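The structure file start.txt is reproduced below (compact mmCIF, C-alpha atoms (C1' of nucleotides)).
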```
# COMPACT_ATOMS: atom_id res chain seq x y z
CA MET A 7 0.00 0.00 0.00
CA ARG A 8 1.36 3.35 -1.01
CA VAL A 9 2.22 5.76 1.75
CA ASP A 10 -0.30 8.43 0.70
CA ALA A 11 -3.02 5.82 0.44
CA ARG A 12 -2.32 4.57 3.92
CA ARG A 13 -2.23 8.11 5.27
CA ASN A 14 -5.62 8.99 3.82
CA TYR A 15 -7.08 5.70 4.92
CA GLU A 16 -6.14 6.56 8.46
CA ARG A 17 -7.46 10.07 8.13
CA VAL A 18 -10.82 8.93 6.83
CA LEU A 19 -11.09 6.32 9.53
CA ALA A 20 -10.35 8.88 12.22
CA ALA A 21 -12.85 11.34 10.75
CA ALA A 22 -15.47 8.62 10.52
CA THR A 23 -14.90 7.66 14.13
CA ALA A 24 -15.36 11.26 15.19
CA ALA A 25 -18.40 11.76 12.98
CA PHE A 26 -20.14 8.62 14.16
CA ALA A 27 -19.44 9.59 17.73
CA GLU A 28 -21.04 12.97 17.21
CA GLU A 29 -23.75 12.34 14.67
CA GLY A 30 -24.50 8.69 15.11
CA PRO A 31 -24.67 5.88 12.56
CA ASP A 32 -26.22 8.07 9.87
CA ALA A 33 -23.47 10.64 9.71
CA SER A 34 -23.02 12.01 6.20
CA LEU A 35 -20.27 10.40 4.15
CA ASN A 36 -19.51 13.64 2.37
CA ASP A 37 -19.13 15.25 5.72
CA ILE A 38 -16.74 12.55 6.84
CA ALA A 39 -14.63 13.12 3.74
CA ARG A 40 -14.69 16.83 4.44
CA ARG A 41 -13.58 16.31 8.03
CA ALA A 42 -10.77 14.13 6.79
CA GLY A 43 -9.67 16.86 4.40
CA VAL A 44 -10.16 14.52 1.51
CA GLY A 45 -12.32 14.32 -1.60
CA PRO A 46 -15.39 12.10 -1.56
CA GLY A 47 -13.77 9.90 -4.19
CA THR A 48 -10.93 9.11 -1.84
CA LEU A 49 -13.35 7.94 0.80
CA TYR A 50 -14.97 5.67 -1.74
CA ARG A 51 -11.66 4.27 -2.87
CA HIS A 52 -11.06 2.94 0.61
CA PHE A 53 -14.59 2.19 1.72
CA PRO A 54 -17.07 1.22 -0.98
CA ASN A 55 -20.08 1.91 1.21
CA ARG A 56 -21.21 3.10 4.61
CA GLN A 57 -21.25 -0.37 6.06
CA ALA A 58 -17.61 -0.92 5.23
CA LEU A 59 -16.80 2.28 7.04
CA GLN A 60 -18.89 1.34 10.05
CA ALA A 61 -17.27 -2.06 10.13
CA ALA A 62 -13.81 -0.54 10.00
CA VAL A 63 -14.63 1.84 12.82
CA LEU A 64 -16.05 -0.91 14.97
CA SER A 65 -13.70 -3.76 14.18
CA GLU A 66 -10.99 -2.71 16.58
CA ARG A 67 -13.45 -2.39 19.40
CA ILE A 68 -15.06 -5.68 18.56
CA GLU A 69 -11.70 -7.37 18.71
CA LYS A 70 -11.18 -5.93 22.15
CA LEU A 71 -14.60 -7.15 23.16
CA CYS A 72 -13.81 -10.65 22.03
CA GLY A 73 -10.46 -10.47 23.74
CA ARG A 74 -12.22 -9.52 26.93
CA ALA A 75 -14.43 -12.59 26.56
CA GLU A 76 -11.36 -14.80 26.44
CA GLU A 77 -9.87 -13.13 29.48
CA LEU A 78 -13.07 -13.76 31.39
CA GLY A 79 -12.93 -17.41 30.41
CA SER A 80 -11.14 -18.27 33.62
CA ASP A 81 -13.46 -16.40 35.97
CA GLU A 82 -16.47 -17.81 37.70
CA PRO A 83 -18.85 -18.66 34.84
CA ALA A 84 -21.96 -16.71 35.78
CA ALA A 85 -19.99 -13.67 36.91
CA ALA A 86 -17.94 -13.79 33.73
CA LEU A 87 -21.10 -13.75 31.64
CA THR A 88 -22.50 -10.82 33.55
CA ALA A 89 -19.29 -8.86 33.24
CA TRP A 90 -19.06 -9.48 29.54
CA LEU A 91 -22.65 -8.46 28.96
CA ARG A 92 -21.85 -5.19 30.65
CA ALA A 93 -18.98 -4.71 28.23
CA LEU A 94 -21.24 -5.64 25.35
CA LEU A 95 -23.73 -3.01 26.43
CA MET A 96 -20.96 -0.43 26.53
CA HIS A 97 -20.04 -1.43 23.02
CA ALA A 98 -23.61 -1.29 21.79
CA ARG A 99 -23.96 2.23 23.13
CA THR A 100 -20.81 3.62 21.56
CA ASP A 101 -21.12 6.26 18.90
CA GLN A 102 -24.73 7.09 19.59
CA GLY A 103 -25.84 3.54 19.16
CA LEU A 104 -23.71 2.60 16.19
CA GLY A 105 -22.63 -0.58 17.92
CA GLY A 106 -26.18 -1.52 18.76
CA ALA A 107 -27.49 -0.61 15.34
CA VAL A 108 -24.95 -2.89 13.74
CA LEU A 109 -25.72 -5.66 16.20
CA ALA A 110 -29.45 -5.48 15.65
CA GLY A 111 -29.31 -4.21 12.10
CA PRO A 112 -30.29 -6.02 8.96
CA VAL A 113 -26.83 -5.75 7.54
CA ASP A 114 -24.34 -8.50 7.35
CA LEU A 115 -21.10 -6.62 7.50
CA GLY A 116 -19.47 -9.33 5.50
CA LEU A 117 -16.68 -9.37 8.00
CA ASP A 118 -17.05 -11.69 10.90
CA CYS A 119 -17.73 -8.80 13.26
CA GLN A 120 -21.13 -9.87 14.42
CA GLN A 121 -20.25 -13.52 14.19
CA ALA A 122 -17.24 -12.95 16.37
CA ILE A 123 -19.40 -11.36 19.02
CA HIS A 124 -21.86 -14.21 18.84
CA ARG A 125 -19.08 -16.74 19.15
CA SER A 126 -17.62 -15.02 22.16
CA GLY A 127 -21.01 -14.69 23.77
CA ALA A 128 -21.89 -18.28 23.03
CA ALA A 129 -18.76 -19.52 24.69
CA LEU A 130 -19.45 -17.61 27.89
CA LEU A 131 -23.15 -18.39 27.88
CA THR A 132 -22.93 -22.15 27.40
CA ARG A 133 -20.14 -22.36 29.94
CA ALA A 134 -22.30 -20.58 32.48
CA GLN A 135 -25.29 -22.72 31.60
CA ARG A 136 -23.30 -25.92 32.06
CA ALA A 137 -21.99 -24.70 35.36
CA GLY A 138 -25.59 -24.22 36.46
CA GLY A 139 -27.37 -21.19 37.79
CA ILE A 140 -28.11 -19.75 34.36
CA ARG A 141 -31.31 -20.41 32.48
CA THR A 142 -30.89 -22.95 29.72
CA ASP A 143 -33.81 -21.77 27.62
CA VAL A 144 -31.97 -18.69 26.41
CA THR A 145 -29.83 -18.43 23.30
CA VAL A 146 -26.91 -16.15 22.59
CA ASP A 147 -29.02 -14.42 20.05
CA ASP A 148 -31.62 -13.65 22.69
CA VAL A 149 -29.10 -12.10 25.00
CA VAL A 150 -27.36 -10.08 22.31
CA GLN A 151 -30.69 -8.85 21.03
CA LEU A 152 -31.77 -7.76 24.47
CA VAL A 153 -28.58 -5.85 25.06
CA ALA A 154 -28.85 -4.22 21.65
CA GLY A 155 -32.42 -3.30 22.45
CA ILE A 156 -31.43 -1.64 25.69
CA ALA A 157 -28.79 0.34 23.84
CA LEU A 158 -31.14 1.38 21.05
CA ALA A 159 -33.91 2.43 23.37
CA ALA A 160 -31.45 4.31 25.54
CA ARG A 161 -30.24 6.44 22.67
CA HIS A 162 -32.69 9.21 23.38
CA GLY A 163 -33.14 8.55 27.05
CA THR A 164 -32.49 11.16 29.69
CA ASP A 165 -31.43 8.99 32.60
CA PRO A 166 -27.76 8.16 31.98
CA ASP A 167 -27.60 5.07 34.14
CA GLN A 168 -30.90 3.59 33.13
CA PRO A 169 -29.21 1.22 30.66
CA ASP A 170 -27.07 -0.26 33.40
CA ARG A 171 -30.09 -0.72 35.58
CA LEU A 172 -31.96 -2.47 32.81
CA LEU A 173 -29.01 -4.71 32.16
CA CYS A 174 -28.96 -5.69 35.81
CA LEU A 175 -32.59 -6.62 35.53
CA VAL A 176 -31.80 -8.81 32.55
CA THR A 177 -28.82 -10.49 34.14
CA ASP A 178 -30.92 -11.17 37.21
CA ALA A 179 -33.43 -12.78 34.94
CA LEU A 180 -30.74 -15.02 33.48
CA HIS A 181 -30.06 -16.50 36.88
CA SER A 182 -32.54 -19.33 36.75
CA PRO A 183 -35.29 -18.75 39.27
CA SER A 184 -37.05 -22.07 38.86
CA GLU A 185 -34.18 -24.42 39.71
CA MET B 25 -65.06 21.42 9.71
CA ARG B 26 -65.97 21.49 6.07
CA VAL B 27 -66.96 18.24 4.46
CA ASP B 28 -64.14 18.19 1.93
CA ALA B 29 -61.62 18.95 4.63
CA ARG B 30 -62.85 16.10 6.77
CA ARG B 31 -62.80 13.75 3.79
CA ASN B 32 -59.21 14.54 2.93
CA TYR B 33 -58.18 14.37 6.55
CA GLU B 34 -59.46 10.82 6.67
CA ARG B 35 -57.80 9.94 3.39
CA VAL B 36 -54.43 11.22 4.49
CA LEU B 37 -54.72 9.42 7.80
CA ALA B 38 -55.55 6.16 6.06
CA ALA B 39 -52.71 6.58 3.59
CA ALA B 40 -50.31 7.37 6.41
CA THR B 41 -51.38 4.29 8.31
CA ALA B 42 -50.74 2.14 5.27
CA ALA B 43 -47.44 3.82 4.49
CA PHE B 44 -46.12 3.50 8.02
CA ALA B 45 -47.14 -0.12 8.07
CA GLU B 46 -45.23 -0.81 4.90
CA GLU B 47 -42.28 1.54 5.05
CA GLY B 48 -41.90 2.19 8.74
CA PRO B 49 -41.69 5.44 10.67
CA ASP B 50 -39.63 7.20 7.99
CA ALA B 51 -42.13 6.81 5.17
CA SER B 52 -42.03 9.77 2.80
CA LEU B 53 -44.63 12.45 3.41
CA ASN B 54 -44.89 13.22 -0.28
CA ASP B 55 -45.55 9.58 -0.88
CA ILE B 56 -48.26 9.56 1.74
CA ALA B 57 -49.93 12.53 0.05
CA ARG B 58 -49.64 10.73 -3.27
CA ARG B 59 -51.24 7.59 -1.84
CA ALA B 60 -54.04 9.68 -0.47
CA GLY B 61 -54.62 11.23 -3.89
CA VAL B 62 -53.96 14.63 -2.44
CA GLY B 63 -51.47 17.44 -2.93
CA PRO B 64 -48.63 17.79 -0.44
CA GLY B 65 -50.07 21.09 0.69
CA THR B 66 -53.24 19.37 1.80
CA LEU B 67 -51.28 17.00 3.96
CA TYR B 68 -49.55 19.97 5.57
CA ARG B 69 -52.79 21.73 6.16
CA HIS B 70 -53.93 18.90 8.37
CA PHE B 71 -50.64 17.74 9.83
CA PRO B 72 -47.96 20.38 10.26
CA ASN B 73 -45.20 17.81 10.58
CA ARG B 74 -44.38 14.13 10.59
CA GLN B 75 -44.81 13.81 14.32
CA ALA B 76 -48.35 15.08 14.16
CA LEU B 77 -49.11 12.47 11.55
CA GLN B 78 -47.50 9.72 13.57
CA ALA B 79 -49.39 10.82 16.64
CA ALA B 80 -52.67 10.78 14.76
CA VAL B 81 -52.00 7.30 13.43
CA LEU B 82 -51.06 5.98 16.84
CA SER B 83 -53.53 7.79 19.04
CA GLU B 84 -56.42 5.44 18.46
CA ARG B 85 -54.29 2.44 19.26
CA ILE B 86 -52.87 4.11 22.31
CA GLU B 87 -56.35 4.75 23.59
CA LYS B 88 -57.14 1.10 23.15
CA LEU B 89 -54.00 0.22 25.00
CA CYS B 90 -54.94 2.41 27.91
CA GLY B 91 -58.43 1.03 27.85
CA ARG B 92 -56.99 -2.45 28.09
CA ALA B 93 -55.03 -1.35 31.15
CA GLU B 94 -58.24 -0.32 32.85
CA GLU B 95 -59.92 -3.57 31.98
CA LEU B 96 -57.03 -5.47 33.51
CA GLY B 97 -57.38 -3.44 36.68
CA SER B 98 -59.58 -6.07 38.20
CA ASP B 99 -57.40 -9.07 37.40
CA GLU B 100 -54.75 -10.55 39.62
CA PRO B 101 -52.13 -7.76 39.85
CA ALA B 102 -49.00 -9.53 38.63
CA ALA B 103 -50.82 -11.34 35.84
CA ALA B 104 -52.48 -8.11 34.78
CA LEU B 105 -49.12 -6.40 34.51
CA THR B 106 -47.71 -9.23 32.44
CA ALA B 107 -50.68 -9.25 30.12
CA TRP B 108 -50.52 -5.53 29.61
CA LEU B 109 -46.81 -5.60 28.89
CA ARG B 110 -47.51 -8.11 26.18
CA ALA B 111 -50.04 -5.73 24.70
CA LEU B 112 -47.55 -2.91 24.99
CA LEU B 113 -44.99 -4.93 23.08
CA MET B 114 -47.53 -5.59 20.35
CA HIS B 115 -48.12 -1.88 20.17
CA ALA B 116 -44.43 -1.05 20.08
CA ARG B 117 -43.94 -3.41 17.19
CA THR B 118 -46.75 -2.09 15.03
CA ASP B 119 -45.90 -0.38 11.78
CA GLN B 120 -42.36 -1.60 11.60
CA GLY B 121 -41.49 -0.22 14.97
CA LEU B 122 -43.34 3.08 14.76
CA GLY B 123 -44.88 2.49 18.15
CA GLY B 124 -41.55 1.67 19.72
CA ALA B 125 -39.77 4.52 17.98
CA VAL B 126 -42.28 6.96 19.39
CA LEU B 127 -42.05 5.39 22.83
CA ALA B 128 -38.27 5.54 22.94
CA GLY B 129 -37.89 8.54 20.68
CA PRO B 130 -36.71 11.98 21.61
CA VAL B 131 -39.94 13.56 20.54
CA ASP B 132 -42.62 14.80 22.78
CA LEU B 133 -45.68 14.34 20.67
CA GLY B 134 -47.29 17.21 22.46
CA LEU B 135 -50.32 15.09 22.93
CA ASP B 136 -50.47 13.00 26.01
CA CYS B 137 -49.86 9.84 24.05
CA GLN B 138 -46.74 8.74 25.80
CA GLN B 139 -47.88 10.16 29.09
CA ALA B 140 -51.08 8.16 28.85
CA ILE B 141 -49.10 4.98 28.35
CA HIS B 142 -46.91 5.80 31.28
CA ARG B 143 -49.89 6.51 33.45
CA SER B 144 -51.56 3.26 32.54
CA GLY B 145 -48.36 1.35 33.09
CA ALA B 146 -47.70 3.06 36.38
CA ALA B 147 -51.12 2.11 37.69
CA LEU B 148 -50.64 -1.55 36.89
CA LEU B 149 -47.05 -1.63 38.06
CA THR B 150 -47.54 -0.02 41.45
CA ARG B 151 -50.60 -2.11 42.09
CA ALA B 152 -48.60 -5.26 41.37
CA GLN B 153 -45.73 -4.03 43.50
CA ARG B 154 -48.01 -3.32 46.45
CA ALA B 155 -49.60 -6.71 46.09
CA GLY B 156 -46.11 -8.19 46.37
CA GLY B 157 -44.23 -10.54 44.09
CA ILE B 158 -43.00 -7.78 41.81
CA ARG B 159 -39.66 -6.06 42.26
CA THR B 160 -39.96 -2.66 43.82
CA ASP B 161 -36.73 -1.27 42.43
CA VAL B 162 -38.18 -0.90 38.95
CA THR B 163 -39.90 2.17 37.53
CA VAL B 164 -42.52 2.40 34.83
CA ASP B 165 -39.99 4.12 32.68
CA ASP B 166 -37.66 1.15 33.01
CA VAL B 167 -40.30 -1.28 31.93
CA VAL B 168 -41.52 0.80 29.03
CA GLN B 169 -37.97 1.37 27.86
CA LEU B 170 -37.22 -2.32 27.96
CA VAL B 171 -40.29 -3.19 25.95
CA ALA B 172 -39.48 -0.47 23.44
CA GLY B 173 -35.95 -1.80 23.23
CA ILE B 174 -37.18 -5.31 22.48
CA ALA B 175 -39.40 -3.92 19.75
CA LEU B 176 -36.68 -1.81 18.22
CA ALA B 177 -34.11 -4.55 18.22
CA ALA B 178 -36.63 -6.97 16.78
CA ARG B 179 -37.30 -4.80 13.77
CA HIS B 180 -34.72 -6.53 11.63
CA GLY B 181 -34.75 -9.85 13.38
CA THR B 182 -35.48 -13.09 11.61
CA ASP B 183 -37.06 -15.10 14.39
CA PRO B 184 -40.70 -13.96 14.57
CA ASP B 185 -41.37 -15.05 18.11
CA GLN B 186 -38.12 -13.92 19.62
CA PRO B 187 -39.71 -10.72 20.95
CA ASP B 188 -42.26 -12.68 22.91
CA ARG B 189 -39.57 -14.89 24.33
CA LEU B 190 -37.55 -11.87 25.40
CA LEU B 191 -40.57 -10.31 27.00
CA CYS B 192 -41.13 -13.48 28.99
CA LEU B 193 -37.58 -13.23 30.20
CA VAL B 194 -38.21 -9.68 31.30
CA THR B 195 -41.47 -10.43 33.04
CA ASP B 196 -39.81 -13.32 34.83
CA ALA B 197 -37.20 -10.86 35.96
CA LEU B 198 -39.87 -8.60 37.36
CA HIS B 199 -41.06 -11.29 39.71
CA SER B 200 -38.84 -10.51 42.63
CA PRO B 201 -36.33 -13.30 43.14
CA SER B 202 -34.84 -12.02 46.36
CA GLU B 203 -37.93 -11.88 48.50
C1' DT C 8 22.71 8.70 -7.13
C1' DG C 9 19.76 10.65 -10.70
C1' DT C 10 16.21 10.62 -14.02
C1' DA C 11 12.06 8.82 -16.93
C1' DC C 12 8.13 6.71 -16.64
C1' DA C 13 4.16 3.75 -15.40
C1' DT C 14 1.03 3.17 -12.01
C1' DC C 15 -1.74 4.09 -8.50
C1' DA C 16 -4.23 7.63 -5.53
C1' DG C 17 -6.55 11.96 -4.91
C1' DT C 18 -9.44 15.76 -6.57
C1' DG C 19 -13.69 18.03 -6.51
C1' DA C 20 -17.13 19.77 -9.57
C1' DA C 21 -21.10 17.75 -11.04
C1' DC C 22 -24.96 14.55 -11.38
C1' DG C 23 -29.36 12.60 -10.19
C1' DC C 24 -32.30 11.73 -6.60
C1' DG C 25 -35.85 12.17 -3.19
C1' DC C 26 -36.89 14.62 0.48
C1' DG C 27 -39.61 18.30 3.17
C1' DT C 28 -41.83 22.43 2.34
C1' DT C 29 -44.00 26.56 0.19
C1' DC C 30 -47.28 29.57 -2.18
C1' DA C 31 -49.78 31.84 -5.90
C1' DC C 32 -53.58 30.21 -7.85
C1' DT C 33 -58.02 27.53 -8.57
C1' DG C 34 -61.92 25.40 -6.89
C1' DA C 35 -65.39 23.78 -3.51
C1' DT C 36 -68.26 24.77 0.24
C1' DG C 37 -71.39 26.95 3.14
C1' DT C 38 -73.95 31.14 4.18
C1' DA C 39 -76.59 35.41 3.78
C1' DC C 40 -79.99 37.47 1.52
C1' DT D 9 -85.89 27.83 -3.20
C1' DG D 10 -82.35 30.35 -5.76
C1' DT D 11 -78.37 33.14 -6.33
C1' DA D 12 -74.05 36.05 -4.96
C1' DC D 13 -70.38 35.98 -2.42
C1' DA D 14 -66.87 35.31 1.19
C1' DT D 15 -64.26 31.95 3.08
C1' DC D 16 -61.90 28.09 3.54
C1' DA D 17 -59.51 23.96 1.33
C1' DG D 18 -56.96 21.83 -2.32
C1' DT D 19 -53.57 21.97 -6.07
C1' DG D 20 -49.17 20.83 -7.71
C1' DA D 21 -45.27 22.89 -9.85
C1' DA D 22 -41.34 24.55 -7.93
C1' DC D 23 -37.76 25.50 -4.53
C1' DG D 24 -33.71 24.55 -1.80
C1' DC D 25 -31.34 21.15 0.43
C1' DG D 26 -28.18 17.48 1.41
C1' DC D 27 -27.39 13.15 0.27
C1' DG D 28 -24.67 9.26 -2.11
C1' DT D 29 -22.00 8.61 -5.99
C1' DT D 30 -19.20 9.21 -10.27
C1' DC D 31 -15.40 10.29 -13.40
C1' DA D 32 -12.29 12.95 -16.31
C1' DC D 33 -8.45 14.96 -14.89
C1' DT D 34 -4.23 16.07 -11.99
C1' DG D 35 -0.79 14.82 -9.00
C1' DA D 36 2.12 11.81 -6.03
C1' DT D 37 4.59 7.69 -5.51
C1' DG D 38 7.58 4.02 -6.31
C1' DT D 39 10.44 1.59 -9.65
C1' DA D 40 13.55 0.49 -13.48
C1' DC D 41 17.36 1.77 -15.61
```
The structure in this file should be written as structure tokens.
Amino acid sequence: MRVDARRNYERVLAAATAAFAEEGPDASLNDIARRAGVGPGTLYRHFPNRQALQAAVLSERIEKLCGRAEELGSDEPAAALTAWLRALLMHARTDQGLGGAVLAGPVDLGLDCQQAIHRSGAALLTRAQRAGGIRTDVTVDDVVQLVAGIALAARHGTDPDQPDRLLCLVTDALHSPSE
Amino acid sequence: MRVDARRNYERVLAAATAAFAEEGPDASLNDIARRAGVGPGTLYRHFPNRQALQAAVLSERIEKLCGRAEELGSDEPAAALTAWLRALLMHARTDQGLGGAVLAGPVDLGLDCQQAIHRSGAALLTRAQRAGGIRTDVTVDDVVQLVAGIALAARHGTDPDQPDRLLCLVTDALHSPSE
DNA sequence: TGTACATCAGTGAACGCGCGTTCACTGATGTAC
DNA sequence: TGTACATCAGTGAACGCGCGTTCACTGATGTAC
């Protein structure tokens, strides 16, 4: 990759990160190019569409999230799940709900972003279920969807720690009440 | 109100209902006017902005929802709450998430739409809490937000009865586990 | 090391699109006589 | 009941806007000699 190409790639990525953080998932692509001090064409050279850009912005964070899941793999199963779900909620709320929108969205980012999250979540969930104390009638998809929902609904909320409270409610619910 | 005005009002409302059902909350206003066989100006005469139109479309349903809450007022408290939350979820999912978007949205519809829902919910919730068996550390706002979140996240989901499953999880969570 | 050149990247004006919104005009309605 | 008229409603072409996207052209980069 040529040095100027790499430089502009970085610039666009940084501008996109800032724009998504400020404007949310629907930030204008032209505006992102403008912020990056770059022509629209340059943006398109590197990122063929909005999803590619969103994926690029999120991928680093998603990797961290999956890394965190591995770290938690040695903790007490149920606690590890709870802790990771909290991290997942943080992720889903980043950039005005970009994370959550991608999680719940119709788009398949092509990359294994979402799949990676599901894999990480599945590992923690099934481990906790096998260890007992966590409901077995819940799928990873359910949990991820719930967390995404909390993040999406919270986007325009006024109470800043409502999402955490709701997550607590959900994690409580995961601790099987019947057995 | 003149007879032609009333007629067009109804037409626009019907067209809006259909459009929201098909396209979701962001359906084009020009398109709605077109469906109604009416000029854009006519639409604006009756509904100054999109929110007014959304409110008009939803208001009837919201009234029903509040009516249902009153009906349930004589049932067993916890069961009544659960049943109403299910109805609320149905509402939030109508029209591709229009109900949920309005519930969770930043907009104050001016009307007492959302307030009415909150009032109805509050009545059922506090009654159930007083009767015991329902967590007391949860507010109406929390519950409504959660239901809206489930609806929003479900918008692009593939599993048609996932929302119901998630709601069950939530209602289970409401049944206080600690006491 | 220096130069010529091919290749790749960037530019940015311009396009087409659909949106929300307006407003000068036409037409329908209801009312007063 | 019939007609004149004021008022209210509807029309729809047109506007401005910002969006995503393209492409002919210019410029920077790296390479071969």
Compile a residue-level contact table for chain D against chain A at a cut-off of 10 Å, reporting for every qualifying residue the shortest atom pair and its distance in Å to one decimal, with all atoms listed in the file counted, rows ordered by chain and ascending number, as a tab-separated table.
```
residue	atom	partner	partner_atom	distance
D:DG26	C1'	A:Ser34	CA	8.9
D:DC27	C1'	A:Ser34	CA	7.5
D:DG28	C1'	A:Leu35	CA	7.7
D:DT29	C1'	A:Gly47	CA	8.5
D:DT30	C1'	A:Gly47	CA	8.2
D:DC31	C1'	A:Gly47	CA	9.4
D:DA36	C1'	A:Asp10	CA	7.9
D:DT37	C1'	A:Arg8	CA	7.0
D:DG38	C1'	A:Arg8	CA	8.2
```
Within 8 Å of chain B, which residues of chain A show up when using only C-alpha atoms, listed as an mmCIF file with C-alpha atoms, in the coordinates of the input?
```cif
data_model
loop_
_atom_site.group_PDB
_atom_site.id
_atom_site.type_symbol
_atom_site.label_atom_id
_atom_site.label_comp_id
_atom_site.auth_asym_id
_atom_site.auth_seq_id
_atom_site.Cartn_x
_atom_site.Cartn_y
_atom_site.Cartn_z
ATOM 1 C CA ALA A 110 -29.450 -5.480 15.650
ATOM 2 C CA GLY A 111 -29.310 -4.210 12.100
ATOM 3 C CA PRO A 112 -30.290 -6.020 8.960
ATOM 4 C CA ASP A 148 -31.620 -13.650 22.690
ATOM 5 C CA GLN A 151 -30.690 -8.850 21.030
ATOM 6 C CA LEU A 152 -31.770 -7.760 24.470
ATOM 7 C CA ALA A 154 -28.850 -4.220 21.650
ATOM 8 C CA GLY A 155 -32.420 -3.300 22.450
ATOM 9 C CA ILE A 156 -31.430 -1.640 25.690
ATOM 10 C CA ALA A 157 -28.790 0.340 23.840
ATOM 11 C CA LEU A 158 -31.140 1.380 21.050
ATOM 12 C CA ALA A 159 -33.910 2.430 23.370
ATOM 13 C CA ALA A 160 -31.450 4.310 25.540
ATOM 14 C CA HIS A 162 -32.690 9.210 23.380
ATOM 15 C CA GLY A 163 -33.140 8.550 27.050
ATOM 16 C CA GLN A 168 -30.900 3.590 33.130
ATOM 17 C CA LEU A 172 -31.960 -2.470 32.810
ATOM 18 C CA LEU A 175 -32.590 -6.620 35.530
ATOM 19 C CA VAL A 176 -31.800 -8.810 32.550
ATOM 20 C CA ASP A 178 -30.920 -11.170 37.210
ATOM 21 C CA ALA A 179 -33.430 -12.780 34.940
ATOM 22 C CA LEU A 180 -30.740 -15.020 33.480
ATOM 23 C CA PRO A 183 -35.290 -18.750 39.270
#
```
Within 9 Å of Cys72 (chain A), counting all atoms listed in the file, which residues show up once you throw out same-chain ones fewer than 4 positions away? Write them as a PyMOL selection string, please. chain A and resi 67-68+76-77+122-123+125-127
Option closest in space to Leu105 (chain B), from B:Glu47, B:Lys88, B:Pro72, B:Val164 [counting all atoms listed in the file]: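 The shortest atom-to-atom distance to Leu105 (chain B) comes from B:Val164.
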Could you check which of A:Ile140, A:Leu49, A:Cys119, A:Leu104 is closest to Arg12 (chain A), using only C-alpha atoms? A:Leu49
CA of Ala107 (chain B) and CA of Ala93 (chain B) are how many Å apart?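 About the pair CA of Ala107 (chain B) and CA of Ala93 (chain B): they are 9.1 Å apart.
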Can you tell me how far CA of Thr118 (chain B) sits from CA of Leu149 (chain B), in Å to one decimal?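 Atom-to-atom, CA of Thr118 (chain B) to CA of Leu149 (chain B), that is 23.0 Å.
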Which residues are near DC32 (chain C)? Cut-off 12 Å, only C-alpha atoms (C1' of nucleotides), ignore same chain within fewer than 2 positions. Put them as a ChimeraX atom specification. /C:30,34 /D:18-21
